[in-house]
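Below is one structure, written out as structure tokens, with a few remarks after it.
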2 protein chains.
Amino acid sequence: MLETTIAAIRPPDESAMAAARELQGRLTKPAGSLGALEELSVRLAGLAGHCPPPLPEPAAVAIFAGDHGVHAQGVTPWPQEVTAQMIGNFLAGGAVVNAFARQAGASVTVVDVGVATPLPAAAPGEEGAGAPPTRDVPRLVTANVRPGTRDLAVTAALTRDEARAAVETGIRVADELIDAGAGILLTGDMGIGNTTPAAALIAAFAGIDPAGTTGRGTGVDDPTYARKVAVVRAALRRHAPDPADPLGVLAAVGGLEHAALAGLILGAAARRTPVLLDGVIAVSAALAAAALAPHAVAAMVAGHRSAEPGATVALRRLGLEPLIDLGLRLGEGTGALLALPVVTGAVRVLHEVATFDSAGVAEK
Amino acid sequence: MLETTIAAIRPPDESAMAAARELQGRLTKPAGSLGALEELSVRLAGLAGHCPPPLPEPAAVAIFAGDHGVHAQGVTPWPQEVTAQMIGNFLAGGAVVNAFARQAGASVTVVDVGVATPLPAAAPGEEGAGAPPTRDVPRLVTANVRPGTRDLAVTAALTRDEARAAVETGIRVADELIDAGAGILLTGDMGIGNTTPAAALIAAFAGIDPAGTTGRGTGVDDPTYARKVAVVRAALRRHAPDPADPLGVLAAVGGLEHAALAGLILGAAARRTPVLLDGVIAVSAALAAAALAPHAVAAMVAGHRSAEPGATVALRRLGLEPLIDLGLRLGEGTGALLALPVVTGAVRVLHEVATFDSAGVAEK
């Protein structure tokens, strides 16, 4: 399934991109005056293969949740149970991602791809994996590969088969959401401790020291931060992951939600559907997806610049400029949801704005 | 009317701000993880005088349109008639501002505060100034103070009375929109040549040379740009406007839409209603409003950072950080509309997100 998905990912359509550039020049506005939105509309035309590309509606957020054996190293002050508790909060509609999703009219699908502790009893949105999400009721998909990763400070976080299973879960979720009508997918994540594997993945794929990719996550103090950097550095020395073997990197130092997000991105790219990236977890997964299928980058839109330093390293490597830069470091998909109206607006311009000719407006 | 409006503008409510800060700390997210949105929610609580502040809905865009005598100096390659033609485009729903307003569910009110050439016949939205705007049909308000300013390179752009009349038009429009239910006002502008008076206003209020405030507007070539800077510099030397006399500055080197926008901002501030600023025209007007009533800044939210250099100078003086920075330089209210979901989202968090206590989520 992974191989057929990768094989389906094609380069962007140059003629659709040229048509979008030409159309932008005829609309009733000074050439170039919509800044980054113009190039975004061109990229999305290239992805869709026609101009204008479809409006990216409806939007679907997929929140992949997992736990992390490296929690045992004291890399975060939060108890591991918070991952499961926050799933309860997502399904009850009480988290920030829910508030932003309601505002944006986006559905929320929570995927347990590797939570370690029991989920809250009678999670209200629980349904079979095939049921389509709705805008109003978050949905839970149970696809637990294993109850959290192993401790990457001690051993490989995942076996190669586990990493592949998580990636393929992400591909499957992408297919289901697109089959149910989604016009754009938004990445979300939940996992206490998950900025540690994200920092490791980014350092591995970028080939730089973890001091440049590790941040303070939810806000750790100085000793915890120093421990976090040391743990990531030691893990990279121990496992020496090879960036030319992306599945091997995900297995050695990744997380189940990171692997699943890489799959979601690949699945979206194979279906020529844009995927709006959230923060540092998403862009670490995006590096893995791009390593597996370089043309997948054409489907990626960077929602925001996370406050985590690794996010900026990853975005630079992907060649993506984020749409929003407001110091967010929450995850869940919140940064992607804030950026969604910008993406929709960029495409809407191609659909709805009059040309100089049709509106009877003189040109300079 | 101007004096009573200024007298009604009060400082923000410190206890509402403290309550918003305290609430942010109890919501189910790491402290500070919503970055700039947290402080924005605190500011809006202070403006409203209670916590949570009301959701900023519905939104109303007011586009003030005017022409400029300085057009005769060749500061722009666009014919002056485009101002009136674009009003026709706004009323027909064909401009970028209309596309973004439809997406955001915002009404559009176009105010002719000083257009020089005839408006398109049978402008579809024309109604009396008292009729409330609707989301779907843009409305035209006719409040033409004079058919364009005088040429500021030769004489004062406006008399003091004309400047006051334009400011009071803006106050009246703010009152009408808020009376009709608007929860937030968005600034819009249309006026061929209007970045020239904006550059002059910003240079006058900031006390700096126009080279640092003048940009390429809709995209002028090098000789036109050099002419534009020289025109602004000569006008400031000739009129020597006194920043302690804001109405005098607006009269000497301003525009009718700039003056009206200053009034809109003052009117919103007097009603404790947020006003979302668009680009360089808006922030030049905001400097005038802040000079007239310093506490008006509490009502201002900077929507985006225009590509015009003067915008950054003005934002710094106002102490405002923009929400969006995507290289836009279109005006009309487009940058403000892109930022609107961020403002709404920041407030929505205070209304809808569960606390650690209510959601049963453990804290660190």
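We name chains A, B, ... following the order of the structure tokens; residues begin at 1 in each chain, and ligands are numbered from 1 as shown.
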
(request) Extract, using only C-alpha atoms, all DNA, RNA and protein residues at most 6 Å from range 267-278 of chain A, discarding same-chain residues fewer than 4 positions from it, and format them as a list in words. (result)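 Here the qualifying residues turn out to be Thr5, Ala8, Ile9, Leu47, Ala48, Ile171, Ala174, Ile184, Leu185, Leu186, Thr187, Gly263, Ala282, Ala296, Ala299, Met300, Val301, Ala302, Gly303, Gly333, Gly335 and Ala336 of chain A.
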
Just to be explicit: take each residue in the selection above, keep N, CA, C and O atoms, and write the result as a tab-separated table (two decimals), in the first residue's frame.
```
chain	number	residue	atom	x	y	z
A	5	THR	N	0.98	3.93	-3.13
A	5	THR	CA	0.68	5.34	-2.85
A	5	THR	C	1.80	6.23	-3.36
A	5	THR	O	1.56	7.24	-4.03
A	8	ALA	N	1.82	6.71	-7.01
A	8	ALA	CA	0.73	7.52	-7.55
A	8	ALA	C	0.99	9.02	-7.44
A	8	ALA	O	0.21	9.82	-7.96
A	9	ILE	N	2.06	9.40	-6.74
A	9	ILE	CA	2.31	10.84	-6.52
A	9	ILE	C	3.06	11.41	-7.72
A	9	ILE	O	4.19	11.03	-7.99
A	47	LEU	N	-1.22	21.40	-8.36
A	47	LEU	CA	-1.57	20.16	-7.67
A	47	LEU	C	-2.84	19.55	-8.25
A	47	LEU	O	-2.90	18.35	-8.53
A	48	ALA	N	-3.86	20.41	-8.44
A	48	ALA	CA	-5.15	19.90	-8.93
A	48	ALA	C	-5.06	19.48	-10.39
A	48	ALA	O	-5.82	18.62	-10.84
A	171	ILE	N	-2.27	6.80	5.54
A	171	ILE	CA	-2.73	6.76	4.15
A	171	ILE	C	-4.21	6.40	4.10
A	171	ILE	O	-5.00	7.02	3.38
A	174	ALA	N	-6.38	9.29	5.14
A	174	ALA	CA	-6.46	10.27	4.04
A	174	ALA	C	-7.47	9.81	3.00
A	174	ALA	O	-8.34	10.59	2.56
A	184	ILE	N	-9.65	19.34	1.50
A	184	ILE	CA	-8.33	19.64	2.06
A	184	ILE	C	-8.22	18.89	3.38
A	184	ILE	O	-9.21	18.78	4.12
A	185	LEU	N	-7.04	18.36	3.66
A	185	LEU	CA	-6.79	17.71	4.95
A	185	LEU	C	-5.90	18.60	5.79
A	185	LEU	O	-5.00	19.26	5.27
A	186	LEU	N	-6.16	18.63	7.09
A	186	LEU	CA	-5.34	19.40	8.03
A	186	LEU	C	-4.71	18.43	9.02
A	186	LEU	O	-5.40	17.55	9.55
A	187	THR	N	-3.41	18.61	9.27
A	187	THR	CA	-2.74	17.69	10.19
A	187	THR	C	-2.94	18.15	11.63
A	187	THR	O	-2.83	19.32	11.95
A	263	GLY	N	2.10	9.36	6.52
A	263	GLY	CA	1.18	8.63	5.66
A	263	GLY	C	0.02	9.48	5.19
A	263	GLY	O	-0.38	9.44	4.01
A	282	ALA	N	4.00	18.06	12.60
A	282	ALA	CA	3.60	17.92	11.19
A	282	ALA	C	4.78	18.09	10.25
A	282	ALA	O	4.95	17.31	9.30
A	296	ALA	N	5.64	14.84	-3.15
A	296	ALA	CA	4.59	15.07	-2.15
A	296	ALA	C	4.61	16.52	-1.66
A	296	ALA	O	3.59	17.03	-1.19
A	299	ALA	N	1.87	18.96	-2.57
A	299	ALA	CA	0.56	18.92	-1.89
A	299	ALA	C	0.57	19.64	-0.55
A	299	ALA	O	-0.48	19.86	0.04
A	300	MET	N	1.77	20.00	-0.09
A	300	MET	CA	1.89	20.57	1.26
A	300	MET	C	1.72	22.08	1.25
A	300	MET	O	2.32	22.78	0.43
A	301	VAL	N	0.94	22.58	2.19
A	301	VAL	CA	0.86	24.02	2.47
A	301	VAL	C	1.24	24.18	3.93
A	301	VAL	O	0.69	23.49	4.80
A	302	ALA	N	2.20	25.06	4.21
A	302	ALA	CA	2.64	25.27	5.59
A	302	ALA	C	1.67	26.22	6.28
A	302	ALA	O	1.57	27.39	5.90
A	303	GLY	N	0.95	25.73	7.26
A	303	GLY	CA	-0.05	26.55	7.93
A	303	GLY	C	0.55	27.66	8.76
A	303	GLY	O	0.20	28.82	8.64
A	333	GLY	N	-3.51	20.75	15.60
A	333	GLY	CA	-4.05	21.21	14.32
A	333	GLY	C	-4.47	22.67	14.38
A	333	GLY	O	-5.01	23.22	13.41
A	335	GLY	N	-2.80	25.57	14.49
A	335	GLY	CA	-2.16	26.51	13.57
A	335	GLY	C	-2.65	26.31	12.14
A	335	GLY	O	-2.82	27.27	11.39
A	336	ALA	N	-2.88	25.08	11.77
A	336	ALA	CA	-3.39	24.80	10.42
A	336	ALA	C	-4.80	25.38	10.27
A	336	ALA	O	-5.13	25.98	9.24
```

Give me the residues of chain A that have any atom at most 6 Å from an atom of chain B; for each, the nearest atom pair and the distance in Å, rounded to one decimal. Use only C-alpha atoms, sort by chain and number, and format it as JSON lines.
```
{"residue": "A:Pro30", "atom": "CA", "partner": "B:Thr218", "partner_atom": "CA", "distance": 5.6}
{"residue": "A:Ser33", "atom": "CA", "partner": "B:Arg329", "partner_atom": "CA", "distance": 4.8}
{"residue": "A:Leu34", "atom": "CA", "partner": "B:Leu328", "partner_atom": "CA", "distance": 4.7}
{"residue": "A:Gly35", "atom": "CA", "partner": "B:Gly327", "partner_atom": "CA", "distance": 4.5}
{"residue": "A:Ala36", "atom": "CA", "partner": "B:Leu326", "partner_atom": "CA", "distance": 5.4}
{"residue": "A:Pro77", "atom": "CA", "partner": "B:Lys364", "partner_atom": "CA", "distance": 5.3}
{"residue": "A:Trp78", "atom": "CA", "partner": "B:Lys364", "partner_atom": "CA", "distance": 4.3}
{"residue": "A:Gln85", "atom": "CA", "partner": "B:Val361", "partner_atom": "CA", "distance": 5.5}
{"residue": "A:Gly94", "atom": "CA", "partner": "B:Ala354", "partner_atom": "CA", "distance": 4.8}
{"residue": "A:Ala95", "atom": "CA", "partner": "B:Val353", "partner_atom": "CA", "distance": 5.4}
{"residue": "A:Val96", "atom": "CA", "partner": "B:Val353", "partner_atom": "CA", "distance": 5.8}
{"residue": "A:Thr218", "atom": "CA", "partner": "B:Pro30", "partner_atom": "CA", "distance": 5.6}
{"residue": "A:Leu326", "atom": "CA", "partner": "B:Ala36", "partner_atom": "CA", "distance": 5.4}
{"residue": "A:Gly327", "atom": "CA", "partner": "B:Gly35", "partner_atom": "CA", "distance": 4.5}
{"residue": "A:Leu328", "atom": "CA", "partner": "B:Gly35", "partner_atom": "CA", "distance": 4.7}
{"residue": "A:Arg329", "atom": "CA", "partner": "B:Ser33", "partner_atom": "CA", "distance": 4.8}
{"residue": "A:Leu330", "atom": "CA", "partner": "B:Ser33", "partner_atom": "CA", "distance": 5.0}
{"residue": "A:Val353", "atom": "CA", "partner": "B:Gly94", "partner_atom": "CA", "distance": 5.0}
{"residue": "A:Ala354", "atom": "CA", "partner": "B:Gly94", "partner_atom": "CA", "distance": 4.8}
{"residue": "A:Val361", "atom": "CA", "partner": "B:Gln85", "partner_atom": "CA", "distance": 5.5}
{"residue": "A:Lys364", "atom": "CA", "partner": "B:Trp78", "partner_atom": "CA", "distance": 4.3}
```

Can you write out the residues you just picked, keeping N, CA and C atoms, as a PDB file, in the first residue's frame?
```pdb
ATOM      1  N   PRO A  30      -3.941  45.259  -8.796  1.00  0.00           N
ATOM      2  CA  PRO A  30      -2.591  45.421  -9.342  1.00  0.00           C
ATOM      3  C   PRO A  30      -1.862  44.079  -9.351  1.00  0.00           C
ATOM      4  N   SER A  33      -0.378  42.100  -6.185  1.00  0.00           N
ATOM      5  CA  SER A  33      -0.783  42.779  -4.950  1.00  0.00           C
ATOM      6  C   SER A  33      -1.353  41.835  -3.896  1.00  0.00           C
ATOM      7  N   LEU A  34      -1.594  40.574  -4.268  1.00  0.00           N
ATOM      8  CA  LEU A  34      -2.027  39.624  -3.244  1.00  0.00           C
ATOM      9  C   LEU A  34      -0.857  38.821  -2.673  1.00  0.00           C
ATOM     10  N   GLY A  35       0.350  39.254  -2.970  1.00  0.00           N
ATOM     11  CA  GLY A  35       1.529  38.682  -2.323  1.00  0.00           C
ATOM     12  C   GLY A  35       1.568  37.165  -2.387  1.00  0.00           C
ATOM     13  N   ALA A  36       1.803  36.545  -1.235  1.00  0.00           N
ATOM     14  CA  ALA A  36       1.991  35.100  -1.169  1.00  0.00           C
ATOM     15  C   ALA A  36       0.750  34.325  -1.589  1.00  0.00           C
ATOM     16  N   PRO A  77       7.216  17.752  31.704  1.00  0.00           N
ATOM     17  CA  PRO A  77       6.619  17.702  33.044  1.00  0.00           C
ATOM     18  C   PRO A  77       5.187  17.146  33.040  1.00  0.00           C
ATOM     19  N   TRP A  78       4.602  16.888  31.876  1.00  0.00           N
ATOM     20  CA  TRP A  78       3.202  16.450  31.837  1.00  0.00           C
ATOM     21  C   TRP A  78       3.097  14.946  32.005  1.00  0.00           C
ATOM     22  N   GLN A  85      -6.467  11.730  28.126  1.00  0.00           N
ATOM     23  CA  GLN A  85      -7.443  12.701  28.651  1.00  0.00           C
ATOM     24  C   GLN A  85      -7.784  13.754  27.601  1.00  0.00           C
ATOM     25  N   GLY A  94     -14.156  20.139  23.644  1.00  0.00           N
ATOM     26  CA  GLY A  94     -13.719  21.181  24.559  1.00  0.00           C
ATOM     27  C   GLY A  94     -12.330  21.745  24.339  1.00  0.00           C
ATOM     28  N   ALA A  95     -11.604  21.244  23.339  1.00  0.00           N
ATOM     29  CA  ALA A  95     -10.227  21.704  23.140  1.00  0.00           C
ATOM     30  C   ALA A  95     -10.175  22.884  22.175  1.00  0.00           C
ATOM     31  N   VAL A  96      -9.023  23.532  22.110  1.00  0.00           N
ATOM     32  CA  VAL A  96      -8.871  24.665  21.201  1.00  0.00           C
ATOM     33  C   VAL A  96      -9.101  24.223  19.759  1.00  0.00           C
ATOM     34  N   THR A 218       5.963  22.242  25.372  1.00  0.00           N
ATOM     35  CA  THR A 218       4.890  22.886  26.109  1.00  0.00           C
ATOM     36  C   THR A 218       5.417  23.892  27.127  1.00  0.00           C
ATOM     37  N   LEU A 326       2.487  33.448  14.549  1.00  0.00           N
ATOM     38  CA  LEU A 326       1.974  34.142  15.728  1.00  0.00           C
ATOM     39  C   LEU A 326       2.464  33.524  17.026  1.00  0.00           C
ATOM     40  N   GLY A 327       3.574  32.767  16.950  1.00  0.00           N
ATOM     41  CA  GLY A 327       4.149  32.225  18.174  1.00  0.00           C
ATOM     42  C   GLY A 327       3.356  31.096  18.794  1.00  0.00           C
ATOM     43  N   LEU A 328       2.513  30.424  18.007  1.00  0.00           N
ATOM     44  CA  LEU A 328       1.749  29.300  18.539  1.00  0.00           C
ATOM     45  C   LEU A 328       2.658  28.100  18.757  1.00  0.00           C
ATOM     46  N   ARG A 329       2.356  27.328  19.798  1.00  0.00           N
ATOM     47  CA  ARG A 329       3.085  26.078  20.053  1.00  0.00           C
ATOM     48  C   ARG A 329       2.164  25.114  20.782  1.00  0.00           C
ATOM     49  N   LEU A 330       0.938  24.975  20.238  1.00  0.00           N
ATOM     50  CA  LEU A 330      -0.069  24.136  20.887  1.00  0.00           C
ATOM     51  C   LEU A 330      -0.212  22.796  20.192  1.00  0.00           C
ATOM     52  N   VAL A 353     -13.285  36.594  -8.557  1.00  0.00           N
ATOM     53  CA  VAL A 353     -12.934  37.996  -8.809  1.00  0.00           C
ATOM     54  C   VAL A 353     -13.065  38.317 -10.297  1.00  0.00           C
ATOM     55  N   ALA A 354     -13.634  39.497 -10.576  1.00  0.00           N
ATOM     56  CA  ALA A 354     -13.851  39.936 -11.957  1.00  0.00           C
ATOM     57  C   ALA A 354     -12.521  40.272 -12.624  1.00  0.00           C
ATOM     58  N   VAL A 361     -13.006  47.962 -15.861  1.00  0.00           N
ATOM     59  CA  VAL A 361     -12.050  48.771 -15.105  1.00  0.00           C
ATOM     60  C   VAL A 361     -10.808  48.970 -15.980  1.00  0.00           C
ATOM     61  N   LYS A 364      -3.545  50.224 -15.968  1.00  0.00           N
ATOM     62  CA  LYS A 364      -2.598  51.340 -15.933  1.00  0.00           C
ATOM     63  C   LYS A 364      -1.910  51.493 -17.281  1.00  0.00           C
TER      64      LYS A 364
END
```

(message) Quick check, in Å to one decimal: how far apart do CA of Met17 in chain A and CA of Leu318 in chain A lie?
(response)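 Computed distance, CA of Met17 in chain A to CA of Leu318 in chain A, equals 19.5 Å.
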
(message) as a ChimeraX atom specification, please: every residue in range 184-257 of chain A that a backbone DSSP assignment puts in alpha helix (DSSP H).
(response) /A:195-206,222-239,246-253,256-257

(message) as a list of chain:residue names, please: every residue in range 155-301 of chain B that a backbone DSSP assignment puts in strand (DSSP E or B).
(response) B:Ile184, B:Leu185, B:Leu186, B:Thr187, B:Gly188, B:Asp189, B:Met190, B:Val275, B:Leu276, B:Leu277, B:Met300, B:Val301

Residues just named, written with C-alpha atoms as a PDB file, in the first residue's frame:
```
ATOM      1  CA  ILE B 184     -16.233  44.537  14.701  1.00  0.00           C
ATOM      2  CA  LEU B 185     -15.446  47.107  12.003  1.00  0.00           C
ATOM      3  CA  LEU B 186     -12.872  46.508   9.266  1.00  0.00           C
ATOM      4  CA  THR B 187     -11.194  49.385   7.478  1.00  0.00           C
ATOM      5  CA  GLY B 188     -11.206  49.493   3.684  1.00  0.00           C
ATOM      6  CA  ASP B 189     -10.097  52.115   1.196  1.00  0.00           C
ATOM      7  CA  MET B 190     -10.106  52.905  -2.480  1.00  0.00           C
ATOM      8  CA  VAL B 275     -11.592  48.000  14.572  1.00  0.00           C
ATOM      9  CA  LEU B 276      -9.451  45.735  12.418  1.00  0.00           C
ATOM     10  CA  LEU B 277      -6.946  47.779  10.424  1.00  0.00           C
ATOM     11  CA  MET B 300      -7.204  48.869  17.120  1.00  0.00           C
ATOM     12  CA  VAL B 301      -6.146  45.431  15.917  1.00  0.00           C
TER      13      VAL B 301
END
```

(message) Between A:Ala230, A:Leu315, A:Ala289, A:Val115, which residue has the minimum interatomic distance to Leu264 in chain A, considering only C-alpha atoms?
(response)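 Using only C-alpha atoms, Leu264 in chain A sits closest to A:Ala289.
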
(request) Grab the CA of Val110 in chain B to CA of Ala72 in chain B distance for me, in Å with one decimal place. (result)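 Atom-to-atom, CA of Val110 in chain B and CA of Ala72 in chain B are spaced 24.9 Å apart.
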
Could you give me, as a compact mmCIF listing (two decimals) with C-alpha atoms, in the first residue's frame, the residues within 7 Å of range 255-260 of chain A, counting only C-alpha atoms and dropping anything in the same chain fewer than 2 positions from it?
```txt
# COMPACT_ATOMS: atom_id res chain seq x y z
CA PHE A 64 -3.18 11.39 15.30
CA ALA A 65 -2.54 10.53 18.94
CA GLY A 66 0.28 8.46 20.37
CA HIS A 68 6.24 7.92 23.76
CA VAL A 113 -2.56 5.25 16.48
CA GLY A 114 -0.65 4.45 19.66
CA THR A 149 6.65 3.71 21.27
CA ALA A 163 6.45 2.21 11.47
CA ALA A 166 1.43 3.60 11.27
CA VAL A 167 2.27 5.18 7.90
CA GLU A 168 -0.35 3.02 6.22
CA THR A 169 -2.90 4.01 8.85
CA GLY A 170 -2.30 7.61 7.83
CA ASP A 189 -1.43 15.64 16.67
CA PRO A 197 10.94 12.53 18.50
CA LEU A 250 10.79 6.85 11.62
CA ALA A 262 3.70 11.11 7.02
CA GLY A 263 1.18 8.63 5.66
CA LEU A 264 -1.64 11.18 5.70
CA ILE A 281 5.17 17.45 14.63
CA ALA A 285 6.46 14.08 9.43
```

(request) Between CA of Ala156 in chain A and CA of Gly69 in chain A, measure the distance and give it in Å to one decimal. (result)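 Taking CA of Ala156 in chain A and CA of Gly69 in chain A, their separation equals 10.1 Å.
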
Selection near Leu247 in chain A, 8 Å with only C-alpha atoms, sequence-local residues under 5 positions removed, as a JSON list (two decimals) with N, CA, C and O atoms, in the first residue's frame:
```
[["chain", "number", "residue", "atom", "x", "y", "z"],
["A", 160, "ARG", "N", 10.46, -1.74, 12.16],
["A", 160, "ARG", "CA", 10.18, -1.28, 10.80],
["A", 160, "ARG", "C", 8.73, -1.58, 10.41],
["A", 160, "ARG", "O", 8.06, -0.75, 9.77],
["A", 163, "ALA", "N", 6.40, 0.91, 12.13],
["A", 163, "ALA", "CA", 6.45, 2.21, 11.47],
["A", 163, "ALA", "C", 5.63, 2.18, 10.19],
["A", 163, "ALA", "O", 4.84, 3.10, 9.91],
["A", 164, "ARG", "N", 5.79, 1.11, 9.43],
["A", 164, "ARG", "CA", 5.03, 0.99, 8.19],
["A", 164, "ARG", "C", 3.52, 0.92, 8.48],
["A", 164, "ARG", "O", 2.71, 1.55, 7.78],
["A", 288, "ALA", "N", 9.74, 13.31, 6.46],
["A", 288, "ALA", "CA", 9.73, 11.87, 6.15],
["A", 288, "ALA", "C", 8.96, 11.61, 4.86],
["A", 288, "ALA", "O", 9.40, 10.84, 4.00]]
```

(request) Would you mind telling me which residue in B:Ala45, B:Leu177, B:Ala203, B:Leu2 lies nearest to Glu22 in chain B when using only C-alpha atoms? (result)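 For Glu22 in chain B, the nearest of the given residues is B:Ala45.
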
(request) Can you pull out every residue within 7 Å of Pro243 in chain B, counting only C-alpha atoms, but drop anything in the same chain fewer than 3 positions away, and send it as a list in words? (result)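 What passes the distance filter is Ala204, Phe205, Pro246 and Val249 of chain B.
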